[in-house]
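Colleague: Just dropping this structure here.
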Amino acid sequence: MHHPMTPRMNEEIKPTRLNPPARAAQPSAASPSAPAVPAGPPAFDVKNLCVWYGAQQTLHDVTLQVPTRSVTSIIGPSGCGKSTFLRTLNRMHELVPGARHSGEILMLGQNLYSPEVDATVVRRRVGMVFQKSNPFPTMSIAENVLVGLRLNGLNDKALLRQRLEESLRMAALWDEVKDHLGRPGTSLSGGQQQRLCIARALAVKPEIILMDEPCSALDPIATSKVEELIHEIKKDYTVVIVTHNMQQAARCSDRTAFFYMGKLIEFDETRTIFMNPANPQTEAYVSGRFG
Amino acid sequence: MSVAANHRYRKFKNGLMNTLAIVCALLVISPLGFILFYLIRQGASSINWAFFTNLPAPVGQVGGGMANAIVGTIELLLLASTVGVPIGVLGGIYLSEYGGERMNDWIRFWADVLNGIPSIVWGIVAYALIVLPKLPGFSAYAGGLALGFMMIPLVLRTTEEVLVLVPRSYREAALALGLPQWKAITRIVLPTALKGIITGVLLAMARVAGETAPLLFTAFGNSYWNRSLSQPVAALPLQIFNYAISPYDDWHRQAWAGALVLVGLIFCLSLSVRFLSREKR
Amino acid sequence: MERFFDAELEKLRSQLIRMGETAIRQVRDVMKALVEGKPSLADQVIAADDELDRLEVEIDDEAIRYMNLRAPVATQLRLVIVGMKASHDLERVGDEATNIAKRVVRLSAEPPLKPYIDIPRMAGIATDMLRGALDCFLAGDAEQALAICKRDSEVDEINRQLYRELSSFMIEKPETISRALEIMFISKSLERIADHATNIAEEVVYLVKAKDVRHTEEVKKTGVA
């Protein structure tokens with residue numbers, strides 16, 4: 001029986017950049033300002049999510065829907081719960097002892113936290129890129145990119161080679177490293193390492209990519225390369241990015257969620273959040289008046 | 001005091017403390033220096049090729065060696081590792097990756113207690129477990145077990161320490177890729193900490209290599225080559241002990257040589273630890 | 001939380017207000033010059049136009065610098081944009097006042113065609129609209145601003161009526177043509193001034209509500225020509 005949470009990483013590869021796979025027909029935008037709404041369930045449907053670490057409640061009653069094939073950014077001052085929220089989306093918050101939650105999260109229509117669902121399978125469908133790049137030090141560049149596939153049992157050499165090139169191309173790193181894929185992952189510069197980590201996350205072909213402040217340790221040029229990359233991959237992936245850099249949220253994302261003190265204050269199209277937010281707290285934050 | 005005088009006083013105080021620190025450092029390493037010097041003076045003359053290749057000869061006969069003791073020590077160390085390393089490393093993995101706060105505190109406490117147990121007690125334990133029930137009696141197995149018990153707390157603590165040093169972000173990255181926790185540990189965390197774990201194992205080996213008491217009634221000693229691990233086996237510390245308490249000069253000289261070889265062995269182990277700990281590139 | 005950069009925006013606002021006051025004063029002065037027949041006052045108005053030009057450049061400069069260096073968003077961004085647009089409108093008001101002043105100088109050489117009633121009335125409405133737009137800008141009142149937009153039709157109506165009157169005047173008495181033409185152009189300038197006041201009111205609505213109401217039904221002129 002086809003398990004509901006089977007990841008798609010074992011699927012036959014259609015080269016995504018040459019022939020985009022046929023998607024459910026999307027209504028073309030009537031006006032340039034309204035983004036096309038993809039058909040199907042939202043990437044995440046969060047309902048009344050509350051999270052506690054021990055006795056401390058970090059998220060209060062969060063409800064929102066993340067649409068597929070778009071970039072959603074999460075902004076807010078330090079300690080507002082945005083990283084916690086991100087980690088509930090791939091069940092990484094469970095790694096903290098004493099973590100518990102209430103409420104429901106549906107991923108593409110399926111309950112993320114139901115007892116039959118295995119967290120490791122979830123994490124193959126939802127990739128994550130961290131704030132500080134962390135390529136595995138004992139592995140080469142190629143091994144780093146393919147580690148998610150190899151250690152999950154994929155051994156077909158041809159497929160692996162293809163995925164390697166594909167992922168590195170998507171991460172805009174192929175041209176820079178194609179001649180020395182055997183070098184250790186840690187021999188790259190900071191920006192390259194982060195793109196390597198992104199390639200590593202992309203290689204397992206998740207449907208959703210979560211990014212936790214991916215550019216905060218990068219210089220402006222590396223940052224702009226990563227933002228370009230996000231813009232490219234959003235055609236095929238859903239991206240949720242936590243950022244403390246509001247200009248980045250304004251540049252990259254289609255929708256923006258503003259969190260403050262563990263509560264979702266406002267969630268709307270990015271241009272509304274930055275041009276005419278409904279909530280005065282949002283306005284104060286994006287204008288830089290606090291945080 | 002004038003400014004200049006103040007300055008001179010402070011310089012003098014500084015110089016005094018510097019000298020004091022250097023003297024203390026010298027005091028600390030001078031016993032080692034004396035020991036090495038004395039060992040070399042007493043034992044170097046007996047070190048020759050025969051020493052390394054010949055079996056012990058009866059009193060009076062020239063040309064005896066400690067070949068079997070050297071090989072025996074190595075055998076015992078390897079056997080001890082088969083006991084000490086798996087248990088210690090797995091325990092270290094538990095402490096670092098799986099254990100809860102309170103459980104870990106208990107385990108560490110008991111490991112420290114075990115570490116402090118006198119080595120002869122381990123000998124007795126091995127004696128009771130293997131020698132007494134004739135399973136198979138005085139043997140390399142018994143000696144290896146006793147030494148292995150001693151290695152466990154050492155390997156446990158060093159393994160835990162190096163695993164804890166592996167940054168959390170590697171584990172998170174591995175888990176975020178959808179790897180089960182055991183795979184994340186064995187394929188990502190352990191390889192990263194491997195050098196440190198090996199260092200810990202070598203240090204533990206260096207520690208137990210020189211233990212004599214637990215071998216007294218487990219390995220028991222052997223004047224001949226040890227043909228099977230279930231037979232008694234010679235070991236350098238045992239041999240040194242036997243020769244040293246004997247009334248024969250020749251054997252005394254051999255004991256000095258044996259001591260020198262033993263110290264040399266431990267020195268080599270420590271050197272490889274330093275080498276491994278060196279940052280390459 | 002008062003921040004350093006908010007002081008710069010405050011400066012922008014007060015410069016805009018000052019520009020508005022100057023523009024209103026120009027229109028009032030030029031009307032006074034026309035009605036009381038004082039060409040010297042008209043000359044003053046012409047000379048004072050430099051101040052408005054200078055203020056426009058200053059405000060634009062401030063606004064661009066602010067956008068460049070402070071990357072404003074939301075209300076602050078809209079304020080900066082409105083500042084630039086409104087300063088342009090006010091500078092055009094000043095230019096129209098200057099045009100009127102030049103015609104006043106020419107008209108003062110001859111006796112008036114008839115007592116000036118409609119022209120000052122138009123000017124009165126136009127300056128009311130300007131004043132109202134400035135007040136709405138200060139108060140952040142979008143409703144009042146929309147009401148101002150609707151008054152533009154009054155001015156248009158007077159303009160059309162004057163046009164008809166003066167046309168028939170000119171046909172009947174050809175010797176009055178030059179004066180009548182001047183008055184027609186003055187009327188046109190005042191109608192343009194009212195249009196600019198409408199623009200500023202629309203910009204205030206954008207500032208307060210983030211809604212662009214230009215050319216929409218809400219501000220479409222009521223009444224038909």
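Ligands are numbered from 1 in the order shown, chains are lettered A, B, ... in the order of the structure tokens, and residues start at 1 in each chain.
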Would you kindly report the residues of chain A within 8 Å of chain B, using only C-alpha atoms, as a VMD selection string?
Modeller: chain A and resid 90 92 119 to 124 126 to 130 134 to 138 148 151 to 152 201 204
Colleague: Would you kindly return, as a compact mmCIF listing (two decimals) with C-alpha atoms, in the first residue's frame, each protein, DNA or RNA residue with an atom no farther than 10 Å from any atom of Glu232 of chain A, considering only C-alpha atoms and excluding same-chain residues fewer than 4 positions away?
Modeller:
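After the write, out.txt holds the following:
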```txt
# COMPACT_ATOMS: atom_id res chain seq x y z
CA ARG A 17 15.44 22.85 -15.56
CA MET A 170 20.19 24.60 -8.96
CA ALA A 171 22.30 25.91 -6.14
CA ALA A 172 24.35 27.90 -8.67
CA VAL A 226 21.21 32.75 -2.50
CA GLU A 227 18.27 35.06 -3.10
CA GLU A 228 18.57 34.46 -6.85
CA ASP A 236 9.13 23.96 -8.29
CA TYR A 237 9.42 24.13 -4.52
```
Colleague: What's around segment 40-49 of chain C at 6 Å? Count only C-alpha atoms, leave out sequence neighbours fewer than 2 positions away in its own chain, and write the answer as an mmCIF file with N, CA and C atoms, in the first residue's frame.
Modeller:
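The resulting file, around-v4.cif, is reproduced below:
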```cif
data_model
loop_
_atom_site.group_PDB
_atom_site.id
_atom_site.type_symbol
_atom_site.label_atom_id
_atom_site.label_comp_id
_atom_site.auth_asym_id
_atom_site.auth_seq_id
_atom_site.Cartn_x
_atom_site.Cartn_y
_atom_site.Cartn_z
ATOM 1 N N GLN C 26 0.738 83.342 -2.764
ATOM 2 C CA GLN C 26 0.951 83.854 -4.124
ATOM 3 C C GLN C 26 -0.386 84.070 -4.820
ATOM 4 N N VAL C 30 -1.882 87.664 -5.941
ATOM 5 C CA VAL C 30 -2.079 88.012 -7.354
ATOM 6 C C VAL C 30 -3.538 88.420 -7.586
ATOM 7 N N ALA C 33 -3.774 91.887 -6.433
ATOM 8 C CA ALA C 33 -3.188 92.769 -7.438
ATOM 9 C C ALA C 33 -4.155 93.025 -8.580
ATOM 10 N N LYS C 38 -2.998 96.659 -8.720
ATOM 11 C CA LYS C 38 -1.665 97.024 -8.226
ATOM 12 C C LYS C 38 -0.602 96.214 -8.951
ATOM 13 N N GLU C 51 11.218 81.323 -4.850
ATOM 14 C CA GLU C 51 11.221 80.565 -3.592
ATOM 15 C C GLU C 51 10.557 79.217 -3.781
ATOM 16 N N LEU C 52 9.451 79.230 -4.504
ATOM 17 C CA LEU C 52 8.753 77.954 -4.724
ATOM 18 C C LEU C 52 9.613 76.991 -5.531
ATOM 19 N N THR C 98 2.253 82.979 -11.267
ATOM 20 C CA THR C 98 3.162 83.886 -11.978
ATOM 21 C C THR C 98 2.588 84.285 -13.327
ATOM 22 N N ALA C 101 0.045 86.738 -12.768
ATOM 23 C CA ALA C 101 0.639 88.030 -12.401
ATOM 24 C C ALA C 101 1.075 88.797 -13.649
#
```
Colleague: Determine, using only C-alpha atoms, which residues of chain A have any atom at most 7 Å from an atom of chain C, and tabulate each with its shortest atom pair and distance in Å to one decimal place, rows ordered by chain and then rising number, as a tab-separated table.
Modeller:
```
residue	atom	partner	partner_atom	distance
A:Phe274	CA	C:Ala74	CA	5.3
A:Met275	CA	C:Ala74	CA	3.9
A:Asn276	CA	C:Ala74	CA	5.3
A:Glu283	CA	C:Ala74	CA	6.9
A:Val286	CA	C:Val73	CA	6.9
A:Ser287	CA	C:Val73	CA	5.9
A:Arg289	CA	C:Met1	CA	6.3
```
Colleague: Restricted to C-alpha atoms, what would the selected residues look like written as a short mmCIF file (atom, residue, chain, number, x, y, z; two decimals), in the first residue's frame?
Modeller:
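Printed below is out_32.cif as written:
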```cif
data_model
loop_
_atom_site.label_atom_id
_atom_site.label_comp_id
_atom_site.auth_asym_id
_atom_site.auth_seq_id
_atom_site.Cartn_x
_atom_site.Cartn_y
_atom_site.Cartn_z
CA PHE A 274 5.46 46.52 3.51
CA MET A 275 3.24 49.12 1.91
CA ASN A 276 0.13 49.23 4.02
CA GLU A 283 3.93 48.93 10.67
CA VAL A 286 8.79 47.09 9.31
CA SER A 287 9.53 50.79 9.67
CA ARG A 289 10.77 51.51 15.03
#
```
Colleague: Among the residues of segment 16-239 of chain B, find those DSSP assigns to alpha helix (DSSP H) from the backbone and print them as JSON, numbers by chain.
Modeller: {"B": [16, 17, 18, 19, 20, 21, 22, 23, 24, 25, 26, 27, 28, 29, 30, 31, 32, 33, 34, 35, 36, 37, 38, 39, 40, 41, 42, 43, 49, 50, 51, 52, 53, 67, 68, 69, 70, 71, 72, 73, 74, 75, 76, 77, 78, 79, 80, 81, 82, 83, 84, 85, 86, 87, 88, 89, 90, 91, 92, 93, 101, 102, 103, 104, 105, 106, 107, 108, 109, 110, 111, 112, 113, 114, 115, 116, 119, 120, 121, 122, 123, 124, 125, 126, 140, 141, 142, 143, 144, 145, 146, 147, 148, 149, 150, 151, 152, 153, 154, 155, 156, 157, 158, 159, 160, 161, 162, 163, 164, 165, 168, 169, 170, 171, 172, 173, 174, 175, 176, 181, 182, 183, 190, 191, 192, 193, 194, 195, 196, 197, 198, 199, 200, 201, 202, 203, 204, 205, 206, 207, 208, 209, 213, 214, 215, 216, 236, 237, 238, 239]}
Colleague: Take the selection from the previous step and output its residues with C-alpha atoms, as a short mmCIF file (atom, residue, chain, number, x, y, z; two decimals), in the first residue's frame.
Modeller:
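File produced: result.cif:
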```
data_model
loop_
_atom_site.label_atom_id
_atom_site.label_comp_id
_atom_site.auth_asym_id
_atom_site.auth_seq_id
_atom_site.Cartn_x
_atom_site.Cartn_y
_atom_site.Cartn_z
CA LEU B 16 60.35 36.91 40.33
CA MET B 17 57.02 35.31 39.50
CA ASN B 18 58.27 34.25 36.08
CA THR B 19 61.24 32.55 37.65
CA LEU B 20 59.04 30.91 40.26
CA ALA B 21 56.75 29.55 37.55
CA ILE B 22 59.66 28.16 35.59
CA VAL B 23 61.11 26.53 38.70
CA CYS B 24 57.75 24.91 39.45
CA ALA B 25 57.47 23.61 35.94
CA LEU B 26 60.94 22.13 36.18
CA LEU B 27 60.08 20.57 39.53
CA VAL B 28 57.09 18.89 37.93
CA ILE B 29 58.91 17.30 35.07
CA SER B 30 62.16 16.59 36.82
CA PRO B 31 60.98 13.33 38.42
CA LEU B 32 60.17 12.10 34.94
CA GLY B 33 63.57 13.24 33.80
CA PHE B 34 65.26 11.44 36.69
CA ILE B 35 63.32 8.27 36.10
CA LEU B 36 64.07 8.22 32.39
CA PHE B 37 67.69 8.99 33.00
CA TYR B 38 68.03 6.25 35.60
CA LEU B 39 66.14 3.73 33.48
CA ILE B 40 68.29 4.42 30.50
CA ARG B 41 71.44 4.23 32.57
CA GLN B 42 70.43 0.96 34.17
CA GLY B 43 68.67 -0.73 31.32
CA TRP B 49 68.51 -7.88 19.65
CA ALA B 50 68.45 -11.01 21.80
CA PHE B 51 66.33 -9.17 24.33
CA PHE B 52 63.62 -8.68 21.80
CA THR B 53 63.72 -12.12 20.24
CA ALA B 67 60.20 -11.53 23.59
CA ASN B 68 57.23 -13.45 24.91
CA ALA B 69 56.47 -10.76 27.47
CA ILE B 70 56.47 -8.04 24.84
CA VAL B 71 54.20 -10.05 22.56
CA GLY B 72 52.08 -10.98 25.56
CA THR B 73 51.60 -7.39 26.57
CA ILE B 74 50.45 -6.59 23.07
CA GLU B 75 48.08 -9.56 23.09
CA LEU B 76 46.63 -8.47 26.40
CA LEU B 77 46.15 -4.91 25.19
CA LEU B 78 44.30 -6.12 22.12
CA LEU B 79 42.09 -8.41 24.17
CA ALA B 80 41.43 -5.63 26.65
CA SER B 81 40.38 -3.41 23.77
CA THR B 82 37.80 -5.90 22.58
CA VAL B 83 36.16 -5.56 25.98
CA GLY B 84 36.88 -1.95 26.78
CA VAL B 85 36.37 -0.26 23.45
CA PRO B 86 32.90 -1.46 22.45
CA ILE B 87 31.42 -1.00 25.89
CA GLY B 88 33.16 2.31 26.45
CA VAL B 89 32.34 3.76 23.05
CA LEU B 90 28.75 2.60 23.06
CA GLY B 91 28.35 3.93 26.56
CA GLY B 92 29.84 7.22 25.47
CA ILE B 93 27.41 7.34 22.57
CA GLU B 101 20.12 14.55 32.30
CA ARG B 102 19.68 12.57 35.52
CA MET B 103 20.54 9.18 34.08
CA ASN B 104 23.72 10.64 32.67
CA ASP B 105 24.72 12.07 36.00
CA TRP B 106 24.36 8.63 37.59
CA ILE B 107 26.28 6.90 34.86
CA ARG B 108 29.12 9.38 35.05
CA PHE B 109 29.24 9.05 38.80
CA TRP B 110 29.52 5.30 38.65
CA ALA B 111 32.10 5.52 35.89
CA ASP B 112 34.21 7.73 38.10
CA VAL B 113 33.82 5.24 40.95
CA LEU B 114 34.88 2.42 38.67
CA ASN B 115 37.83 4.48 37.58
CA GLY B 116 39.00 4.73 41.14
CA SER B 119 43.54 -2.42 39.80
CA ILE B 120 44.03 -5.46 41.97
CA VAL B 121 40.32 -5.57 42.63
CA TRP B 122 39.75 -5.91 38.90
CA GLY B 123 42.20 -8.74 38.98
CA ILE B 124 40.18 -10.44 41.66
CA VAL B 125 36.98 -9.95 39.72
CA ALA B 126 38.48 -11.53 36.62
CA ALA B 140 45.24 -14.29 28.32
CA TYR B 141 41.46 -14.04 28.32
CA ALA B 142 41.38 -13.48 32.04
CA GLY B 143 44.13 -10.90 31.89
CA GLY B 144 42.52 -9.18 28.95
CA LEU B 145 39.21 -9.07 30.76
CA ALA B 146 40.72 -7.51 33.84
CA LEU B 147 42.50 -4.86 31.80
CA GLY B 148 39.40 -4.38 29.69
CA PHE B 149 37.34 -3.59 32.78
CA MET B 150 39.85 -0.93 33.64
CA MET B 151 39.67 0.56 30.19
CA ILE B 152 35.90 0.94 30.20
CA PRO B 153 35.48 4.08 32.34
CA LEU B 154 38.37 5.79 30.59
CA VAL B 155 37.07 5.12 27.10
CA LEU B 156 33.56 6.01 28.22
CA ARG B 157 34.48 9.44 29.48
CA THR B 158 36.77 10.40 26.61
CA THR B 159 34.25 9.17 24.03
CA GLU B 160 31.50 11.18 25.63
CA GLU B 161 33.70 14.25 25.75
CA VAL B 162 34.66 14.15 22.08
CA LEU B 163 31.13 13.37 20.96
CA VAL B 164 29.81 16.32 22.89
CA LEU B 165 32.35 18.46 21.08
CA ARG B 168 24.99 20.16 17.30
CA SER B 169 24.46 21.55 13.83
CA TYR B 170 25.85 18.40 12.18
CA ARG B 171 23.32 16.25 13.95
CA GLU B 172 20.55 18.66 13.09
CA ALA B 173 21.60 18.75 9.45
CA ALA B 174 21.71 14.95 9.29
CA LEU B 175 18.29 14.60 10.90
CA ALA B 176 16.85 17.32 8.70
CA GLN B 181 19.03 8.97 14.51
CA TRP B 182 21.20 5.88 14.61
CA LYS B 183 22.41 6.54 11.09
CA LEU B 190 31.09 9.19 14.90
CA PRO B 191 33.30 9.73 11.84
CA THR B 192 33.66 13.36 12.81
CA ALA B 193 34.74 12.37 16.32
CA LEU B 194 36.75 9.35 15.24
CA LYS B 195 40.15 10.86 15.81
CA GLY B 196 39.16 11.85 19.32
CA ILE B 197 37.78 8.42 20.09
CA ILE B 198 40.93 6.71 18.86
CA THR B 199 42.93 9.09 20.97
CA GLY B 200 40.87 8.11 23.97
CA VAL B 201 41.36 4.43 23.28
CA LEU B 202 45.13 4.85 22.91
CA LEU B 203 45.28 6.79 26.15
CA ALA B 204 43.35 4.06 27.92
CA MET B 205 45.70 1.49 26.47
CA ALA B 206 48.70 3.42 27.65
CA ARG B 207 47.16 3.51 31.08
CA VAL B 208 46.51 -0.20 31.41
CA ALA B 209 49.68 -1.31 29.62
CA ALA B 213 48.47 -6.24 39.93
CA PRO B 214 45.50 -7.40 37.89
CA LEU B 215 47.73 -9.69 35.88
CA LEU B 216 49.17 -11.43 38.91
CA LEU B 236 56.13 -7.07 30.59
CA PRO B 237 55.00 -5.76 33.99
CA LEU B 238 54.73 -9.31 35.36
CA GLN B 239 58.09 -10.25 34.04
#
```
Colleague: Please measure the separation of atom CA of Gly98 of chain A and atom CA of His244 of chain A, giving the value in Å to one decimal.
Modeller: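 Taking atom CA of Gly98 of chain A as the start and atom CA of His244 of chain A as the end point, the length is 26.6 Å.
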Colleague: Distance atom CA of Gly103 of chain A-atom CA of Met211 of chain A, one decimal place?
Modeller: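 Between these atoms lies a distance of 22.7 Å.
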Colleague: A:Leu202, A:Leu154, A:Val96, A:Leu64: which is nearest Val51 of chain A, counting only C-alpha atoms?
Modeller: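 Of A:Leu202, A:Leu154, A:Val96, A:Leu64, the one nearest Val51 of chain A is A:Val96, counting only C-alpha atoms.
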Colleague: When you look at segment 125-127 of chain C with a cut-off of 6 Å (counting only C-alpha atoms), what residues show up, excluding the ones that are within fewer than 4 positions of it in the same chain? I need them as a ChimeraX atom specification.
Modeller: /C:24,131,194
Colleague: What is the distance, in Å and to one decimal place, between atom CA of Arg253 of chain B and atom CA of Ala235 of chain B?
Modeller: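 Taking atom CA of Arg253 of chain B and atom CA of Ala235 of chain B, their separation equals 17.0 Å.
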Colleague: Hey, what's within 12 Å of Gly262 of chain A if we count only C-alpha atoms and toss same-chain stuff fewer than 2 positions away? As a count of residues only, please?
Modeller: 28
Colleague: Just checking: using only C-alpha atoms, which residue out of A:Asp179, A:Gly109, A:Leu196, A:Gln281 ends up closest to Val147 of chain A?
Modeller: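 Result for the nearest residue to Val147 of chain A: A:Leu196.
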Colleague: Might you pull out every residue within 10 Å of Asp135 of chain C, with only C-alpha atoms counted and same-chain residues fewer than 3 positions away left off, and present them as a tab-separated table (two decimals) with N, CA and C atoms, in the first residue's frame?
Modeller:
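So selection-v8.tsv came out as:
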```tsv
chain	number	residue	atom	x	y	z
C	17	ILE	N	4.63	71.96	3.97
C	17	ILE	CA	3.62	72.91	4.47
C	17	ILE	C	4.00	74.33	4.12
C	129	MET	N	-9.47	75.15	-1.64
C	129	MET	CA	-9.11	73.76	-1.91
C	129	MET	C	-7.66	73.50	-1.51
C	130	LEU	N	-6.79	74.45	-1.86
C	130	LEU	CA	-5.38	74.28	-1.48
C	130	LEU	C	-5.23	74.23	0.03
C	131	ARG	N	-5.87	75.21	0.69
C	131	ARG	CA	-5.81	75.24	2.14
C	131	ARG	C	-6.33	73.95	2.73
C	132	GLY	N	-7.48	73.49	2.18
C	132	GLY	CA	-8.09	72.26	2.68
C	132	GLY	C	-7.17	71.06	2.49
C	138	LEU	N	-1.96	67.64	7.02
C	138	LEU	CA	-1.52	67.72	8.41
C	138	LEU	C	-2.32	66.80	9.32
C	139	ALA	N	-3.64	66.76	9.08
C	139	ALA	CA	-4.51	66.01	9.98
C	139	ALA	C	-4.62	64.54	9.60
C	140	GLY	N	-4.20	64.19	8.39
C	140	GLY	CA	-4.36	62.81	7.96
C	140	GLY	C	-5.81	62.46	7.71
C	141	ASP	N	-6.55	63.39	7.16
C	141	ASP	CA	-8.00	63.20	6.98
C	141	ASP	C	-8.29	62.89	5.52
C	144	GLN	N	-12.13	64.13	4.21
C	144	GLN	CA	-12.18	65.55	3.84
C	144	GLN	C	-11.47	65.76	2.50
C	145	ALA	N	-10.38	65.05	2.29
C	145	ALA	CA	-9.61	65.21	1.04
C	145	ALA	C	-10.46	64.80	-0.15
C	201	ALA	N	-4.97	66.68	-3.01
C	201	ALA	CA	-5.95	65.97	-2.17
C	201	ALA	C	-5.90	64.47	-2.45
C	204	VAL	N	-3.07	63.02	-0.73
C	204	VAL	CA	-3.30	62.85	0.71
C	204	VAL	C	-4.06	61.55	0.97
```
Colleague: Neighbours of Asp50 of chain C within 10 Å (only C-alpha atoms; same-chain residues fewer than 5 positions away dropped), as a list in words?
Modeller: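 Non-adjacent residues within range: Val45, Leu55, Glu56, Glu91, Gly94 and Asp95 of chain C.
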